$ cat my_file-v1.pdb   # PDB, C-alpha atoms, pLDDT in the B column
ATOM      1  CA  MET Z   1     -53.984 278.181 118.116  1.00 85.00           C
ATOM      2  CA  TYR Z   2     -55.543 278.012 121.569  1.00 93.00           C
ATOM      3  CA  LEU Z   3     -53.772 279.997 124.314  1.00 96.00           C
ATOM      4  CA  PRO Z   4     -54.715 279.319 127.950  1.00 96.00           C
ATOM      5  CA  ARG Z   5     -56.506 282.138 129.806  1.00 97.00           C
ATOM      6  CA  LEU Z   6     -54.547 282.235 133.059  1.00 97.00           C
ATOM      7  CA  ARG Z   7     -55.756 284.016 136.190  1.00 96.00           C
ATOM      8  CA  ARG Z   8     -54.839 284.247 139.865  1.00 95.00           C
ATOM      9  CA  ILE Z   9     -57.393 282.715 142.234  1.00 96.00           C
ATOM     10  CA  ASP Z  10     -58.580 286.098 143.543  1.00 95.00           C
ATOM     11  CA  THR Z  11     -58.936 287.381 139.982  1.00 96.00           C
ATOM     12  CA  VAL Z  12     -61.034 284.349 138.999  1.00 97.00           C
ATOM     13  CA  ILE Z  13     -63.415 285.012 141.892  1.00 97.00           C
ATOM     14  CA  LYS Z  14     -63.631 288.722 141.100  1.00 96.00           C
ATOM     15  CA  GLU Z  15     -64.331 288.153 137.403  1.00 96.00           C
ATOM     16  CA  MET Z  16     -66.962 285.485 138.079  1.00 97.00           C
ATOM     17  CA  LYS Z  17     -68.777 287.638 140.617  1.00 97.00           C
ATOM     18  CA  GLN Z  18     -68.765 290.590 138.215  1.00 96.00           C
ATOM     19  CA  VAL Z  19     -70.567 288.490 135.613  1.00 96.00           C
ATOM     20  CA  ASP Z  20     -72.755 286.527 138.060  1.00 97.00           C
ATOM     21  CA  SER Z  21     -73.209 288.146 141.472  1.00 95.00           C
ATOM     22  CA  ASN Z  22     -74.966 285.000 142.764  1.00 95.00           C
ATOM     23  CA  THR Z  23     -72.150 282.581 141.993  1.00 97.00           C
ATOM     24  CA  VAL Z  24     -71.088 280.469 144.974  1.00 96.00           C
ATOM     25  CA  VAL Z  25     -67.451 280.177 143.904  1.00 95.00           C
ATOM     26  CA  SER Z  26     -64.979 280.883 146.724  1.00 95.00           C
ATOM     27  CA  ARG Z  27     -61.250 280.812 147.432  1.00 95.00           C
ATOM     28  CA  PHE Z  28     -61.731 277.686 149.576  1.00 94.00           C
ATOM     29  CA  PHE Z  29     -63.499 275.910 146.719  1.00 96.00           C
ATOM     30  CA  LEU Z  30     -60.916 276.817 144.061  1.00 96.00           C
ATOM     31  CA  THR Z  31     -58.012 275.930 146.362  1.00 95.00           C
ATOM     32  CA  LYS Z  32     -59.671 272.576 147.062  1.00 94.00           C
ATOM     33  CA  LEU Z  33     -59.951 271.843 143.325  1.00 95.00           C
ATOM     34  CA  LEU Z  34     -56.242 272.643 142.888  1.00 95.00           C
ATOM     35  CA  LYS Z  35     -55.141 270.507 145.845  1.00 94.00           C
ATOM     36  CA  GLU Z  36     -57.217 267.561 144.638  1.00 94.00           C
ATOM     37  CA  GLY Z  37     -55.890 267.907 141.087  1.00 93.00           C
ATOM     38  CA  LYS Z  38     -59.394 268.413 139.691  1.00 94.00           C
ATOM     39  CA  ILE Z  39     -57.917 271.346 137.783  1.00 95.00           C
ATOM     40  CA  THR Z  40     -54.239 271.821 136.958  1.00 95.00           C
ATOM     41  CA  PRO Z  41     -52.210 273.147 139.939  1.00 92.00           C
ATOM     42  CA  LEU Z  42     -49.949 275.588 138.094  1.00 93.00           C
ATOM     43  CA  LYS Z  43     -47.430 277.776 139.922  1.00 90.00           C
ATOM     44  CA  TYR Z  44     -46.606 280.806 137.801  1.00 90.00           C
ATOM     45  CA  GLY Z  45     -44.273 283.376 139.305  1.00 82.00           C
ATOM     46  CA  ASP Z  46     -45.187 283.953 142.940  1.00 83.00           C
ATOM     47  CA  SER Z  47     -48.794 282.704 142.778  1.00 87.00           C
ATOM     48  CA  TRP Z  48     -51.017 279.808 141.795  1.00 92.00           C
ATOM     49  CA  VAL Z  49     -52.914 280.405 138.585  1.00 94.00           C
ATOM     50  CA  ILE Z  50     -55.924 278.771 136.961  1.00 96.00           C
ATOM     51  CA  ASN Z  51     -56.804 278.296 133.330  1.00 97.00           C
ATOM     52  CA  ILE Z  52     -60.386 279.572 133.437  1.00 97.00           C
ATOM     53  CA  ASP Z  53     -61.341 277.481 130.402  1.00 97.00           C
ATOM     54  CA  GLU Z  54     -60.254 274.368 132.285  1.00 98.00           C
ATOM     55  CA  LEU Z  55     -62.177 275.506 135.371  1.00 98.00           C
ATOM     56  CA  TYR Z  56     -65.352 276.322 133.433  1.00 98.00           C
ATOM     57  CA  GLY Z  57     -65.014 273.098 131.476  1.00 97.00           C
ATOM     58  CA  PHE Z  58     -64.622 271.036 134.646  1.00 97.00           C
ATOM     59  CA  MET Z  59     -67.708 272.698 136.156  1.00 97.00           C
ATOM     60  CA  SER Z  60     -69.591 271.778 132.989  1.00 96.00           C
ATOM     61  CA  GLY Z  61     -68.705 268.101 133.268  1.00 95.00           C
ATOM     62  CA  MET Z  62     -65.884 268.012 130.723  1.00 95.00           C
ATOM     63  CA  LYS Z  63     -63.196 265.391 131.390  1.00 91.00           C
ATOM     64  CA  PHE Z  64     -59.537 266.429 131.337  1.00 89.00           C
ATOM     65  CA  GLU Z  65     -56.341 264.580 132.197  1.00 88.00           C
ATOM     66  CA  ASP Z  66     -52.627 265.175 131.795  1.00 89.00           C
ATOM     67  CA  LYS Z  67     -51.251 264.208 128.408  1.00 89.00           C
ATOM     68  CA  PRO Z  68     -47.665 263.024 127.808  1.00 90.00           C
ATOM     69  CA  TYR Z  69     -45.357 265.501 126.120  1.00 88.00           C
ATOM     70  CA  ILE Z  70     -43.861 264.258 122.875  1.00 86.00           C
ATOM     71  CA  SER Z  71     -41.001 266.426 121.700  1.00 83.00           C
ATOM     72  CA  PRO Z  72     -41.272 267.166 117.966  1.00 82.00           C
ATOM     73  CA  VAL Z  73     -38.384 266.449 115.604  1.00 85.00           C
ATOM     74  CA  LYS Z  74     -37.951 270.184 115.037  1.00 90.00           C
ATOM     75  CA  ARG Z  75     -38.357 272.740 117.808  1.00 91.00           C
ATOM     76  CA  ASN Z  76     -40.962 275.489 117.405  1.00 94.00           C
ATOM     77  CA  ILE Z  77     -38.724 278.426 118.320  1.00 94.00           C
ATOM     78  CA  ARG Z  78     -40.236 281.801 119.218  1.00 95.00           C
ATOM     79  CA  LYS Z  79     -38.876 284.962 120.810  1.00 96.00           C
ATOM     80  CA  SER Z  80     -40.211 285.686 124.298  1.00 95.00           C
ATOM     81  CA  GLY Z  81     -41.589 289.032 123.109  1.00 94.00           C
ATOM     82  CA  GLU Z  82     -43.426 287.346 120.255  1.00 96.00           C
ATOM     83  CA  ILE Z  83     -45.014 284.845 122.649  1.00 97.00           C
ATOM     84  CA  TRP Z  84     -45.971 287.596 125.095  1.00 95.00           C
ATOM     85  CA  ARG Z  85     -47.612 289.690 122.372  1.00 96.00           C
ATOM     86  CA  ALA Z  86     -49.596 286.661 121.176  1.00 96.00           C
ATOM     87  CA  PHE Z  87     -51.022 286.146 124.690  1.00 96.00           C
ATOM     88  CA  GLN Z  88     -51.796 289.861 125.011  1.00 96.00           C
ATOM     89  CA  ALA Z  89     -53.623 289.936 121.676  1.00 96.00           C
ATOM     90  CA  GLU Z  90     -55.709 286.867 122.549  1.00 94.00           C
ATOM     91  CA  ASP Z  91     -56.381 287.779 126.184  1.00 95.00           C
ATOM     92  CA  PRO Z  92     -55.724 291.374 127.381  1.00 95.00           C
ATOM     93  CA  ASP Z  93     -56.123 290.235 131.017  1.00 93.00           C
ATOM     94  CA  THR Z  94     -53.530 287.481 130.745  1.00 94.00           C
ATOM     95  CA  LYS Z  95     -51.107 286.852 133.599  1.00 92.00           C
ATOM     96  CA  ILE Z  96     -48.338 286.368 131.016  1.00 93.00           C
ATOM     97  CA  ARG Z  97     -45.696 289.105 130.949  1.00 91.00           C
ATOM     98  CA  LYS Z  98     -42.327 289.049 129.197  1.00 90.00           C
ATOM     99  CA  LEU Z  99     -40.248 288.936 132.396  1.00 91.00           C
ATOM    100  CA  ASN Z 100     -42.354 286.436 134.336  1.00 92.00           C
ATOM    101  CA  LEU Z 101     -42.541 284.304 131.188  1.00 95.00           C
ATOM    102  CA  ARG Z 102     -38.748 284.075 131.149  1.00 95.00           C
ATOM    103  CA  LEU Z 103     -38.709 283.206 134.850  1.00 94.00           C
ATOM    104  CA  PHE Z 104     -41.296 280.466 134.294  1.00 95.00           C
ATOM    105  CA  VAL Z 105     -39.230 279.025 131.436  1.00 96.00           C
ATOM    106  CA  LYS Z 106     -36.129 278.839 133.652  1.00 95.00           C
ATOM    107  CA  GLU Z 107     -37.975 277.347 136.636  1.00 94.00           C
ATOM    108  CA  GLN Z 108     -39.735 274.708 134.511  1.00 94.00           C
ATOM    109  CA  GLY Z 109     -36.590 273.651 132.659  1.00 95.00           C
ATOM    110  CA  ILE Z 110     -38.062 274.571 129.275  1.00 96.00           C
ATOM    111  CA  TRP Z 111     -35.533 274.798 126.442  1.00 95.00           C
ATOM    112  CA  TYR Z 112     -34.421 278.347 125.706  1.00 96.00           C
ATOM    113  CA  PHE Z 113     -31.453 280.254 124.337  1.00 94.00           C
ATOM    114  CA  VAL Z 114     -30.272 283.820 124.850  1.00 95.00           C
ATOM    115  CA  SER Z 115     -28.778 285.358 121.715  1.00 90.00           C
ATOM    116  CA  SER Z 116     -25.712 287.590 121.641  1.00 90.00           C
ATOM    117  CA  VAL Z 117     -27.976 290.660 121.522  1.00 91.00           C
ATOM    118  CA  GLY Z 118     -30.059 289.532 124.517  1.00 89.00           C
ATOM    119  CA  HIS Z 119     -33.066 288.032 122.724  1.00 92.00           C
ATOM    120  CA  TRP Z 120     -34.671 285.057 124.441  1.00 95.00           C
ATOM    121  CA  VAL Z 121     -35.772 282.314 122.075  1.00 96.00           C
ATOM    122  CA  ILE Z 122     -37.990 279.627 123.582  1.00 97.00           C
ATOM    123  CA  ASP Z 123     -39.351 276.237 122.573  1.00 96.00           C
ATOM    124  CA  ALA Z 124     -42.974 277.367 122.229  1.00 96.00           C
ATOM    125  CA  ASP Z 125     -44.427 273.834 122.072  1.00 95.00           C
ATOM    126  CA  GLU Z 126     -42.750 272.785 125.324  1.00 96.00           C
ATOM    127  CA  LEU Z 127     -43.856 276.053 126.937  1.00 97.00           C
ATOM    128  CA  MET Z 128     -47.476 275.507 125.895  1.00 96.00           C
ATOM    129  CA  TYR Z 129     -47.384 271.996 127.284  1.00 96.00           C
ATOM    130  CA  LYS Z 130     -46.150 273.255 130.657  1.00 96.00           C
ATOM    131  CA  LEU Z 131     -48.869 275.935 130.717  1.00 96.00           C
ATOM    132  CA  ASN Z 132     -51.593 273.592 129.487  1.00 96.00           C
ATOM    133  CA  PRO Z 133     -50.657 269.969 130.294  1.00 96.00           C
ATOM    134  CA  ARG Z 134     -54.214 268.678 129.887  1.00 95.00           C
ATOM    135  CA  GLY Z 135     -54.492 269.955 126.356  1.00 94.00           C
ATOM    136  CA  ILE Z 136     -57.460 272.303 126.729  1.00 95.00           C
ATOM    137  CA  ASP Z 137     -58.159 273.439 123.178  1.00 94.00           C
ATOM    138  CA  CYS Z 138     -61.137 275.813 123.277  1.00 94.00           C
ATOM    139  CA  LYS Z 139     -62.709 278.653 125.235  1.00 95.00           C
ATOM    140  CA  VAL Z 140     -65.535 277.656 127.588  1.00 96.00           C
ATOM    141  CA  ASP Z 141     -68.359 279.902 128.773  1.00 96.00           C
ATOM    142  CA  MET Z 142     -68.646 280.584 132.501  1.00 97.00           C
ATOM    143  CA  PRO Z 143     -71.367 278.434 134.115  1.00 97.00           C
ATOM    144  CA  ARG Z 144     -73.733 279.687 136.797  1.00 97.00           C
ATOM    145  CA  LEU Z 145     -72.804 277.875 140.019  1.00 97.00           C
ATOM    146  CA  ARG Z 146     -75.353 277.462 142.811  1.00 96.00           C
ATOM    147  CA  TRP Z 147     -75.818 275.562 146.079  1.00 95.00           C
ATOM    148  CA  HIS Z 148     -77.968 272.459 145.651  1.00 92.00           C
ATOM    149  CA  ASP Z 149     -80.298 273.062 148.598  1.00 89.00           C
ATOM    150  CA  ASP Z 150     -80.901 276.751 147.819  1.00 89.00           C
ATOM    151  CA  THR Z 151     -81.657 275.884 144.204  1.00 89.00           C
ATOM    152  CA  VAL Z 152     -84.269 273.267 145.034  1.00 85.00           C
ATOM    153  CA  ARG Z 153     -86.106 275.640 147.363  1.00 85.00           C
ATOM    154  CA  ARG Z 154     -86.006 278.660 145.030  1.00 88.00           C
ATOM    155  CA  PHE Z 155     -86.315 277.109 141.585  1.00 87.00           C
ATOM    156  CA  ARG Z 156     -90.113 277.225 141.472  1.00 85.00           C
ATOM    157  CA  TYR Z 157     -90.155 280.823 142.685  1.00 85.00           C
ATOM    158  CA  LEU Z 158     -87.670 281.884 140.013  1.00 86.00           C
ATOM    159  CA  HIS Z 159     -89.530 280.021 137.252  1.00 86.00           C
ATOM    160  CA  GLN Z 160     -93.157 280.892 137.814  1.00 86.00           C
ATOM    161  CA  ASP Z 161     -93.780 280.739 134.064  1.00 85.00           C
ATOM    162  CA  ILE Z 162     -93.488 276.926 134.008  1.00 87.00           C
ATOM    163  CA  PRO Z 163     -95.405 274.231 135.989  1.00 89.00           C
ATOM    164  CA  VAL Z 164     -92.401 272.980 137.939  1.00 87.00           C
ATOM    165  CA  THR Z 165     -92.429 271.214 141.317  1.00 87.00           C
ATOM    166  CA  ILE Z 166     -89.719 270.372 143.831  1.00 88.00           C
ATOM    167  CA  ASN Z 167     -89.965 266.728 142.782  1.00 89.00           C
ATOM    168  CA  ILE Z 168     -89.267 267.647 139.163  1.00 89.00           C
ATOM    169  CA  VAL Z 169     -86.249 269.712 140.193  1.00 91.00           C
ATOM    170  CA  GLU Z 170     -84.888 266.906 142.371  1.00 90.00           C
ATOM    171  CA  LYS Z 171     -85.359 264.408 139.552  1.00 91.00           C
ATOM    172  CA  ALA Z 172     -83.560 266.740 137.144  1.00 92.00           C
ATOM    173  CA  LEU Z 173     -80.686 267.051 139.612  1.00 92.00           C
ATOM    174  CA  GLN Z 174     -80.178 263.278 139.508  1.00 92.00           C
ATOM    175  CA  SER Z 175     -79.463 263.411 135.777  1.00 94.00           C
ATOM    176  CA  GLU Z 176     -75.895 262.773 134.667  1.00 93.00           C
ATOM    177  CA  SER Z 177     -76.345 265.800 132.393  1.00 94.00           C
ATOM    178  CA  VAL Z 178     -76.223 268.083 135.451  1.00 96.00           C
ATOM    179  CA  PHE Z 179     -72.728 268.563 136.884  1.00 96.00           C
ATOM    180  CA  LYS Z 180     -72.431 268.382 140.678  1.00 95.00           C
ATOM    181  CA  VAL Z 181     -69.416 268.608 142.982  1.00 95.00           C
ATOM    182  CA  GLN Z 182     -69.176 268.472 146.766  1.00 92.00           C
ATOM    183  CA  ASN Z 183     -67.751 271.448 148.631  1.00 92.00           C
ATOM    184  CA  GLY Z 184     -67.509 270.828 152.367  1.00 87.00           C
ATOM    185  CA  HIS Z 185     -70.905 269.510 153.508  1.00 88.00           C
ATOM    186  CA  ARG Z 186     -72.803 271.031 150.587  1.00 91.00           C
ATOM    187  CA  TRP Z 187     -73.074 270.406 146.865  1.00 94.00           C
ATOM    188  CA  ILE Z 188     -72.455 272.918 144.090  1.00 96.00           C
ATOM    189  CA  ILE Z 189     -74.359 272.428 140.848  1.00 96.00           C
ATOM    190  CA  ASN Z 190     -74.202 273.797 137.321  1.00 97.00           C
ATOM    191  CA  TYR Z 191     -77.419 275.821 137.242  1.00 96.00           C
ATOM    192  CA  ASP Z 192     -77.453 276.226 133.451  1.00 96.00           C
ATOM    193  CA  GLN Z 193     -77.485 272.454 133.004  1.00 96.00           C
ATOM    194  CA  LEU Z 194     -80.178 272.045 135.658  1.00 95.00           C
ATOM    195  CA  GLU Z 195     -82.473 274.514 133.880  1.00 94.00           C
ATOM    196  CA  MET Z 196     -81.955 272.665 130.617  1.00 94.00           C
ATOM    197  CA  GLU Z 197     -82.773 269.312 132.217  1.00 94.00           C
ATOM    198  CA  VAL Z 198     -85.944 270.666 133.861  1.00 93.00           C
ATOM    199  CA  TYR Z 199     -87.137 272.064 130.530  1.00 90.00           C
ATOM    200  CA  LYS Z 200     -86.471 268.670 128.934  1.00 92.00           C
ATOM    201  CA  GLN Z 201     -88.515 266.879 131.575  1.00 87.00           C
ATOM    202  CA  LEU Z 202     -91.394 269.304 131.037  1.00 86.00           C
ATOM    203  CA  GLY Z 203     -91.244 268.794 127.295  1.00 84.00           C
ATOM    204  CA  ARG Z 204     -90.258 272.415 126.655  1.00 76.00           C
ATOM    205  CA  ILE Z 205     -87.249 271.378 124.557  1.00 73.00           C
TER
END

$ encode --input "my_file-v1.pdb" --output "structure tokens"
Amino acid sequence: MYLPRLRRIDTVIKEMKQVDSNTVVSRFFLTKLLKEGKITPLKYGDSWVINIDELYGFMSGMKFEDKPYISPVKRNIRKSGEIWRAFQAEDPDTKIRKLNLRLFVKEQGIWYFVSSVGHWVIDADELMYKLNPRGIDCKVDMPRLRWHDDTVRRFRYLHQDIPVTINIVEKALQSESVFKVQNGHRWIINYDQLEMEVYKQLGRI
């Protein structure tokens, strides 16, 4: 079963820059995506968190939208500790902890019950819906994000092994296969998709 990989905004930026020091992701950009509902605005505990698979998927052109919750005939009941351990096993850097999980359940009105010995049992399906309302169901690799104008100027320099021109790069950028999103007065592009499109135009794929 897929479990969302939840991160605070600052953690997302830190992790992306560790993998790709040239990424143009910023707090302003991520906050803008949350405010506009481009990715799910999820308040967890005292901070806003992002499902990085949803973020990476969005920046790769994947389409997501909220899905209605349909309560099953029989509840999928799990102890809070069992749920917490499942998240830990799947994602050691998860934001999910036993105590903040219980707080989230109470704040979101998710069905739960406290046994006579203090065990919290939670409707796991309703919880997963609240954590992942758009139904993301797979891990997505982190894309390389670049400014449009910088990419056009530097693409030929960075790819001296292929006969590429600025016109070819600009034509590739117009393809619907290359994800683009505006950030302020500039455009951010998915560099991995741009490279692929350029190679296609040159007949290298």

$ closest_residue --input "my_file-v1.pdb" --among "Z:Trp147, Z:Tyr157, Z:Phe64, Z:Tyr129" --to "Gly184 (chain Z)" --atoms "all atoms listed in the file"
Z:Trp147

$ closest_residue --input "my_file-v1.pdb" --among "Z:Tyr69, Z:Trp111, Z:Tyr2, Z:Phe104" --to "Tyr44 (chain Z)" --atoms "only C-alpha atoms"
Z:Phe104

$ closest_atom_pairs --input "my_file-v1.pdb" --of "region 98-182 of chain Z" --to "region 18-23 of chain Z" --cutoff "8 Å" --atoms "all atoms listed in the file" --output "CSV"
residue,atom,partner,partner_atom,distance
Z:Arg144,CA,Z:Thr23,CA,6.2
Z:Leu145,CA,Z:Thr23,CA,5.1
Z:Arg146,CA,Z:Thr23,CA,6.1

$ resolve_selection --input "my_file-v1.pdb" --expression "the PyMOL selection byres ((chain Z and resi 63) around 12)" --output "list in words"
Lys38, Ile39, Glu54, Leu55, Tyr56, Gly57, Phe58, Met59, Ser60, Gly61, Met62, Phe64, Glu65, Asp66, Arg134, Gly135, Ile136 and Phe179 of chain Z

$ atom_distance --input "my_file-v1.pdb" --atom1 "CA of Thr94 (chain Z)" --atom2 "CA of Leu6 (chain Z)"
5.8 Å
